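Okay, query28.cif now, which holds mmCIF, C-alpha atoms:
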```cif
data_model
loop_
_atom_site.label_atom_id
_atom_site.label_comp_id
_atom_site.auth_asym_id
_atom_site.auth_seq_id
_atom_site.Cartn_x
_atom_site.Cartn_y
_atom_site.Cartn_z
CA MET A 10 0.00 0.00 0.00
CA ALA A 11 1.37 3.39 -0.99
CA ASP A 12 2.21 5.76 1.85
CA THR A 13 1.54 3.11 4.50
CA LEU A 14 1.45 4.74 7.92
CA LEU A 15 0.79 1.68 10.10
CA ASP A 16 1.81 -1.83 9.08
CA VAL A 17 1.08 -4.74 11.41
CA GLN A 18 2.48 -8.12 10.40
CA ALA A 19 1.84 -11.55 11.95
CA LEU A 20 1.13 -10.02 15.36
CA VAL A 21 0.68 -12.45 18.25
CA ALA A 22 -0.19 -11.24 21.76
CA GLY A 23 -2.04 -12.27 24.90
CA TYR A 24 -2.16 -12.22 28.68
CA GLY A 25 -0.31 -14.68 30.89
CA ARG A 26 -0.43 -17.97 29.01
CA ALA A 27 -3.63 -17.10 27.15
CA ARG A 28 -3.02 -16.21 23.52
CA VAL A 29 -5.53 -13.66 22.25
CA LEU A 30 -4.15 -12.58 18.86
CA HIS A 31 -3.15 -15.24 16.36
CA GLY A 32 -1.03 -13.60 13.66
CA ILE A 33 -2.82 -10.35 12.78
CA ASP A 34 -1.99 -8.55 9.53
CA LEU A 35 -3.40 -5.01 9.23
CA SER A 36 -2.46 -1.72 7.62
CA VAL A 37 -3.55 1.92 7.61
CA ALA A 38 -2.44 4.36 4.91
CA ALA A 39 -1.76 8.04 5.47
CA GLY A 40 -5.08 9.86 5.63
CA GLU A 41 -7.08 6.64 5.63
CA ARG A 42 -10.01 5.74 7.89
CA VAL A 43 -10.10 2.09 8.87
CA GLY A 44 -12.88 0.41 10.86
CA LEU A 45 -12.33 -2.60 13.11
CA PHE A 46 -15.32 -4.66 14.21
CA GLY A 47 -16.23 -8.07 15.52
CA PRO A 48 -17.81 -9.81 18.51
CA ASN A 49 -16.85 -8.69 22.00
CA GLY A 50 -13.92 -10.52 23.55
CA HIS A 51 -12.30 -11.53 20.28
CA GLY A 52 -9.18 -9.35 20.41
CA LYS A 53 -9.96 -5.85 19.14
CA THR A 54 -8.86 -4.05 22.30
CA THR A 55 -5.82 -6.32 22.70
CA LEU A 56 -4.78 -5.45 19.15
CA LEU A 57 -4.88 -1.71 19.81
CA ARG A 58 -3.00 -2.17 23.09
CA ALA A 59 -0.31 -4.23 21.37
CA ILE A 60 0.09 -1.63 18.63
CA SER A 61 0.38 1.26 21.09
CA GLY A 62 2.82 -0.46 23.45
CA LEU A 63 0.40 -0.97 26.35
CA GLU A 64 0.88 -4.72 25.84
CA ARG A 65 4.11 -6.18 24.50
CA PRO A 66 3.51 -8.47 21.49
CA TRP A 67 4.71 -12.05 21.79
CA SER A 68 5.83 -12.06 18.17
CA GLY A 69 5.25 -10.25 14.90
CA GLN A 70 5.99 -6.68 13.96
CA VAL A 71 4.47 -3.21 14.18
CA ARG A 72 5.86 -0.60 11.80
CA LEU A 73 4.99 3.10 11.96
CA SER A 74 5.95 5.23 8.95
CA GLY A 75 8.32 2.44 7.90
CA ARG A 76 10.07 2.16 11.28
CA ASP A 77 9.90 -0.94 13.45
CA VAL A 78 8.24 0.17 16.72
CA THR A 79 7.24 -3.24 18.07
CA GLY A 80 6.98 -3.05 21.86
CA THR A 81 8.00 0.62 21.99
CA ALA A 82 6.78 2.49 25.08
CA PRO A 83 3.50 4.40 24.59
CA HIS A 84 4.99 7.85 25.28
CA ARG A 85 7.64 7.27 22.63
CA LEU A 86 5.02 6.20 20.12
CA LEU A 87 3.02 9.32 20.91
CA ALA A 88 6.08 11.41 20.08
CA ARG A 89 6.27 9.55 16.76
CA GLY A 90 2.67 10.37 15.85
CA LEU A 91 0.58 7.51 17.25
CA GLY A 92 -2.33 8.47 19.49
CA HIS A 93 -4.44 5.90 21.34
CA VAL A 94 -7.67 6.61 23.22
CA PRO A 95 -8.47 3.41 25.15
CA GLN A 96 -11.98 2.26 25.94
CA GLY A 97 -13.36 4.01 29.02
CA SER A 98 -10.32 6.26 29.33
CA LEU A 99 -10.31 8.82 32.16
CA LEU A 100 -6.94 10.51 32.41
CA PHE A 101 -6.17 13.13 35.08
CA PRO A 102 -9.55 12.92 36.90
CA GLU A 103 -8.58 15.59 39.46
CA MET A 104 -7.44 18.09 36.84
CA ALA A 105 -9.52 20.79 35.24
CA VAL A 106 -10.39 20.12 31.61
CA ALA A 107 -8.05 22.83 30.29
CA ASP A 108 -5.11 21.55 32.36
CA ALA A 109 -5.68 17.94 31.26
CA LEU A 110 -5.69 19.00 27.63
CA GLN A 111 -2.48 20.97 28.10
CA VAL A 112 -0.80 17.91 29.61
CA GLY A 113 -1.89 15.94 26.55
CA GLY A 114 0.25 18.22 24.39
CA HIS A 115 3.38 18.15 26.56
CA LEU A 116 5.39 16.09 24.05
CA THR A 117 4.82 18.54 21.22
CA PRO A 118 6.28 22.05 20.86
CA ALA A 119 4.54 24.75 22.86
CA GLY A 120 3.54 28.17 21.58
CA ALA A 121 1.20 29.13 18.78
CA ALA A 122 0.85 25.57 17.46
CA ALA A 123 -0.22 24.26 20.87
CA ARG A 124 -2.73 27.07 21.28
CA GLN A 125 -4.08 26.32 17.82
CA ARG A 126 -4.54 22.63 18.70
CA LEU A 127 -6.34 23.60 21.90
CA GLU A 128 -8.71 25.86 19.99
CA GLN A 129 -9.28 23.03 17.51
CA VAL A 130 -10.30 20.74 20.37
CA TYR A 131 -12.67 23.37 21.75
CA SER A 132 -14.11 23.87 18.28
CA LEU A 133 -14.73 20.13 17.94
CA PHE A 134 -16.14 19.88 21.46
CA PRO A 135 -17.79 23.18 22.51
CA ARG A 136 -18.90 21.51 25.74
CA LEU A 137 -15.27 21.31 26.83
CA ALA A 138 -14.78 25.03 26.25
CA GLU A 139 -17.77 25.67 28.51
CA ARG A 140 -16.35 23.33 31.18
CA ARG A 141 -12.67 24.14 30.84
CA ARG A 142 -12.35 24.94 34.58
CA GLN A 143 -14.37 21.92 35.71
CA ARG A 144 -12.59 18.83 37.10
CA CYS A 145 -12.62 15.90 34.70
CA LYS A 146 -14.09 13.44 37.18
CA THR A 147 -17.23 15.58 37.54
CA LEU A 148 -18.06 15.42 33.83
CA SER A 149 -20.66 13.17 32.24
CA GLY A 150 -19.56 9.99 30.47
CA GLY A 151 -19.81 11.61 27.07
CA GLU A 152 -17.90 14.68 28.18
CA ARG A 153 -15.12 12.52 29.66
CA GLN A 154 -14.85 10.73 26.33
CA MET A 155 -14.52 14.12 24.62
CA VAL A 156 -11.67 15.00 26.99
CA ALA A 157 -9.94 11.69 26.24
CA ILE A 158 -10.14 12.29 22.50
CA GLY A 159 -9.07 15.91 22.99
CA ILE A 160 -5.99 14.77 24.91
CA GLY A 161 -5.18 12.42 22.05
CA LEU A 162 -5.49 15.26 19.53
CA MET A 163 -3.26 17.55 21.60
CA GLY A 164 -0.37 15.21 20.82
CA ALA A 165 -0.75 16.12 17.11
CA PRO A 166 -1.08 12.48 15.99
CA ASP A 167 -0.70 11.28 12.42
CA LEU A 168 -2.76 8.22 13.40
CA LEU A 169 -5.44 8.23 16.09
CA MET A 170 -6.75 4.90 17.41
CA LEU A 171 -10.15 5.03 19.12
CA ASP A 172 -11.50 2.05 21.07
CA GLU A 173 -15.32 2.12 21.12
CA PRO A 174 -15.62 5.86 21.77
CA THR A 175 -19.45 5.87 21.79
CA LEU A 176 -19.88 2.90 24.13
CA GLY A 177 -22.58 3.51 26.75
CA LEU A 178 -23.45 7.04 25.62
CA SER A 179 -26.94 8.45 25.23
CA PRO A 180 -28.17 8.75 21.62
CA ARG A 181 -27.77 12.54 21.73
CA LEU A 182 -24.19 12.46 23.00
CA LYS A 183 -23.34 9.59 20.66
CA GLU A 184 -24.47 11.64 17.67
CA GLU A 185 -22.48 14.65 18.87
CA LEU A 186 -19.35 12.55 19.32
CA CYS A 187 -19.78 10.79 15.97
CA GLN A 188 -19.97 14.14 14.18
CA ALA A 189 -16.80 15.30 15.92
CA ILE A 190 -14.91 12.15 14.92
CA ALA A 191 -16.02 12.64 11.33
CA ARG A 192 -14.65 16.20 11.44
CA ILE A 193 -11.34 14.89 12.84
CA ALA A 194 -11.08 12.58 9.84
CA GLU A 195 -11.65 15.54 7.52
CA THR A 196 -8.48 17.20 8.88
CA GLY A 197 -6.35 14.40 7.41
CA VAL A 198 -5.64 12.49 10.63
CA SER A 199 -5.63 8.75 9.93
CA LEU A 200 -8.09 6.76 12.04
CA LEU A 201 -8.19 3.19 13.29
CA LEU A 202 -11.62 2.95 14.87
CA VAL A 203 -13.11 0.13 16.94
CA GLU A 204 -16.85 0.73 17.11
CA GLN A 205 -20.01 -1.31 17.68
CA ASP A 206 -22.26 1.34 16.10
CA VAL A 207 -22.39 -0.29 12.67
CA GLU A 208 -24.09 2.59 10.87
CA PHE A 209 -21.49 5.06 12.11
CA LEU A 210 -18.64 2.74 11.14
CA LEU A 211 -20.07 2.32 7.65
CA SER A 212 -20.52 6.08 7.26
CA LEU A 213 -16.94 6.88 8.25
CA ALA A 214 -14.51 4.09 7.41
CA GLN A 215 -13.05 3.47 3.97
CA ARG A 216 -11.85 -0.05 4.75
CA PHE A 217 -12.88 -2.62 7.33
CA TYR A 218 -11.37 -5.51 9.17
CA MET A 219 -13.41 -8.05 11.08
CA ILE A 220 -11.68 -9.81 13.97
CA ARG A 221 -13.00 -13.15 15.15
CA ASP A 222 -11.22 -15.52 17.54
CA GLY A 223 -8.13 -13.30 17.49
CA ALA A 224 -7.64 -13.43 13.73
CA ILE A 225 -8.69 -11.36 10.73
CA ALA A 226 -11.85 -13.04 9.45
CA LEU A 227 -12.53 -10.49 6.71
CA GLU A 228 -11.01 -7.45 5.05
CA ALA A 229 -13.26 -5.27 2.90
CA GLY A 230 -13.15 -1.84 1.33
CA GLY A 231 -12.98 0.02 -1.94
CA GLU A 232 -15.26 -1.83 -4.33
CA ALA A 233 -16.12 -4.48 -1.73
CA LYS A 234 -18.81 -2.49 0.04
CA LEU A 235 -20.48 -3.77 3.18
CA ASP A 236 -23.95 -3.00 4.39
CA HIS A 237 -25.60 -3.33 7.79
CA GLN A 238 -27.23 -6.68 7.00
CA GLU A 239 -23.94 -8.23 5.87
CA ILE A 240 -22.23 -7.12 9.08
CA MET A 241 -25.02 -8.55 11.20
CA GLN A 242 -24.64 -11.86 9.38
CA MET A 243 -20.91 -11.77 10.08
CA TYR A 244 -21.55 -11.20 13.78
CA PHE A 245 -24.20 -13.84 14.25
CA GLY A 246 -24.50 -16.00 11.14
CA HIS A 247 -21.10 -17.59 10.60
CA ASP A 248 -20.85 -21.34 10.95
#
```

Could you quickly redo this structure as structure tokens?
Amino acid sequence: MADTLLDVQALVAGYGRARVLHGIDLSVAAGERVGLFGPNGHGKTTLLRAISGLERPWSGQVRLSGRDVTGTAPHRLLARGLGHVPQGSLLFPEMAVADALQVGGHLTPAGAAARQRLEQVYSLFPRLAERRRQRCKTLSGGERQMVAIGIGLMGAPDLLMLDEPTLGLSPRLKEELCQAIARIAETGVSLLLVEQDVEFLLSLAQRFYMIRDGAIALEAGGEAKLDHQEIMQMYFGHD
């Protein structure tokens, strides 16, 4: 793939003696939006954690912009352009929103660029601008998710990985968050998105991978379009 930003090859990972990923191959091109779906408990979160250095792969390789970064510490990967917003993330709960966002940008140069990124986050999430002096732990679930994504954006990522960002949100907040993620994609940031909201995933992603039993069960995109019914069959109708 031309201009490959993320290239995952034969990745194996797990916890203790339990193998979760069984040789995953996956790629994301510069500026591309890739959706990752599949039944719960089949390895999607483990894959993102192995890519971002939160879990050390047992074998295989992760390459970022052509460089082998397998097992690299998360803060070093952030400095190299990889942002990861884990499922249910709540960083810096005692901090005010504005302070938490500023900490999110500490690995990138300060000054006008940092202020511009902060204004971009407030533009994407006006609620955060209104609550900039409020402590993160007092926010609603949807607002905390906005802070987590905002912190990820403050690191100026080339690739942003989001693990089920709309999980558990009310329909109104889910719609607001979905629109913001779509606007993030329009800025040219590459996305690797794990999401159970099938309609949203279909509306945003250009390519899709389905993970089942820790392996890639399907790759689709381009001319191979998927619809909601096909995805439901993949979830529940495979032999």

Checklist entry - Can you list, as a PyMOL selection string, the residues that the PyMOL selection byres ((chain A and resi 92-96) around 7) selects here? => result chain A and resi 61+87+90-91+97-98+157-158+161+166+168-174

Checklist entry - Using all atoms listed in the file, can you list as an MDAnalysis selection string the residues within 10 Å of (-6.8, 10.5, 3.7)? => result chainID A and resid 37:42 194:200 215

Checklist entry - Expressed in Å to a single decimal, how great is the separation between CA of Ala165 in chain A and CA of Thr55 in chain A? => result 23.7 Å

Checklist entry - How many Å lie between CA of Val106 in chain A and CA of Asp167 in chain A, rounded to one decimal? => result 23.2 Å

Checklist entry - Can you tell me, as a ChimeraX atom specification, which residues sit within 9 Å of (-0.6, 21.2, 14.3) in the file's frame, using all atoms listed in the file? => result /A:122-123,125-126,163-166

Write out the residues from the selection above, keeping C-alpha atoms, as an mmCIF file, keeping the file's coordinate frame.
```cif
data_model
loop_
_atom_site.group_PDB
_atom_site.id
_atom_site.type_symbol
_atom_site.label_atom_id
_atom_site.label_comp_id
_atom_site.auth_asym_id
_atom_site.auth_seq_id
_atom_site.Cartn_x
_atom_site.Cartn_y
_atom_site.Cartn_z
ATOM 1 C CA ALA A 122 0.850 25.570 17.460
ATOM 2 C CA ALA A 123 -0.220 24.260 20.870
ATOM 3 C CA GLN A 125 -4.080 26.320 17.820
ATOM 4 C CA ARG A 126 -4.540 22.630 18.700
ATOM 5 C CA MET A 163 -3.260 17.550 21.600
ATOM 6 C CA GLY A 164 -0.370 15.210 20.820
ATOM 7 C CA ALA A 165 -0.750 16.120 17.110
ATOM 8 C CA PRO A 166 -1.080 12.480 15.990
#
```

Next on the checklist: Using the chain letters and numbers from this file, what does the PyMOL selection byres ((chain A and resi 130-145) around 6) select? Give the answer as a list of chain:residue names.
Outcome noted: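 In the shown coordinates, the PyMOL selection byres ((chain A and resi 130-145) around 6) covers A:Pro102, A:Glu103, A:Met104, A:Ala105, A:Val106, A:Ala107, A:Leu127, A:Glu128, A:Gln129, A:Lys146, A:Thr147, A:Leu148, A:Gly159, A:Ala189.
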
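The space between CA of Gly52 in chain A and CA of Glu185 in chain A spans 27.5 Å.
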
Checklist entry - A:Ile160, A:Ala229, A:Leu56, A:Ala214: which is nearest Leu30 in chain A, counting all atoms listed in the file? => result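 For Leu30 in chain A, the nearest of the candidates is A:Leu56.
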
Checklist entry - Near range 65-67 of chain A, counting all atoms listed in the file, which residues have an atom at most 6 Å away, once you skip same-chain residues fewer than 6 positions from it, shown as a ChimeraX atom specification? => result /A:21-22,59,80

Item to check | Selection result for the PyMOL selection byres ((chain A and resi 209) around 10) on this file, as a list in words | outcome: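 This file gives the following for the PyMOL selection byres ((chain A and resi 209) around 10): Gly44, Thr175, Lys183, Glu184, Cys187, Gln188, Ala191, Glu204, Gln205, Asp206, Val207, Glu208, Leu210, Leu211, Ser212, Leu213 and Ala214 of chain A.
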
Next on the checklist: Using all atoms listed in the file, which protein or nucleic acid residues come within 8 Å of Gly62 in chain A? Drop anything in the same chain fewer than 2 positions from it, and give the result as a ChimeraX atom specification.
Outcome noted: /A:58-60,64-65,79-83,86

Any chance you could export the current selection's C-alpha atoms as an mmCIF file, in the coordinates of the input?
```cif
data_model
loop_
_atom_site.group_PDB
_atom_site.id
_atom_site.type_symbol
_atom_site.label_atom_id
_atom_site.label_comp_id
_atom_site.auth_asym_id
_atom_site.auth_seq_id
_atom_site.Cartn_x
_atom_site.Cartn_y
_atom_site.Cartn_z
ATOM 1 C CA ARG A 58 -3.000 -2.170 23.090
ATOM 2 C CA ALA A 59 -0.310 -4.230 21.370
ATOM 3 C CA ILE A 60 0.090 -1.630 18.630
ATOM 4 C CA GLU A 64 0.880 -4.720 25.840
ATOM 5 C CA ARG A 65 4.110 -6.180 24.500
ATOM 6 C CA THR A 79 7.240 -3.240 18.070
ATOM 7 C CA GLY A 80 6.980 -3.050 21.860
ATOM 8 C CA THR A 81 8.000 0.620 21.990
ATOM 9 C CA ALA A 82 6.780 2.490 25.080
ATOM 10 C CA PRO A 83 3.500 4.400 24.590
ATOM 11 C CA LEU A 86 5.020 6.200 20.120
#
```
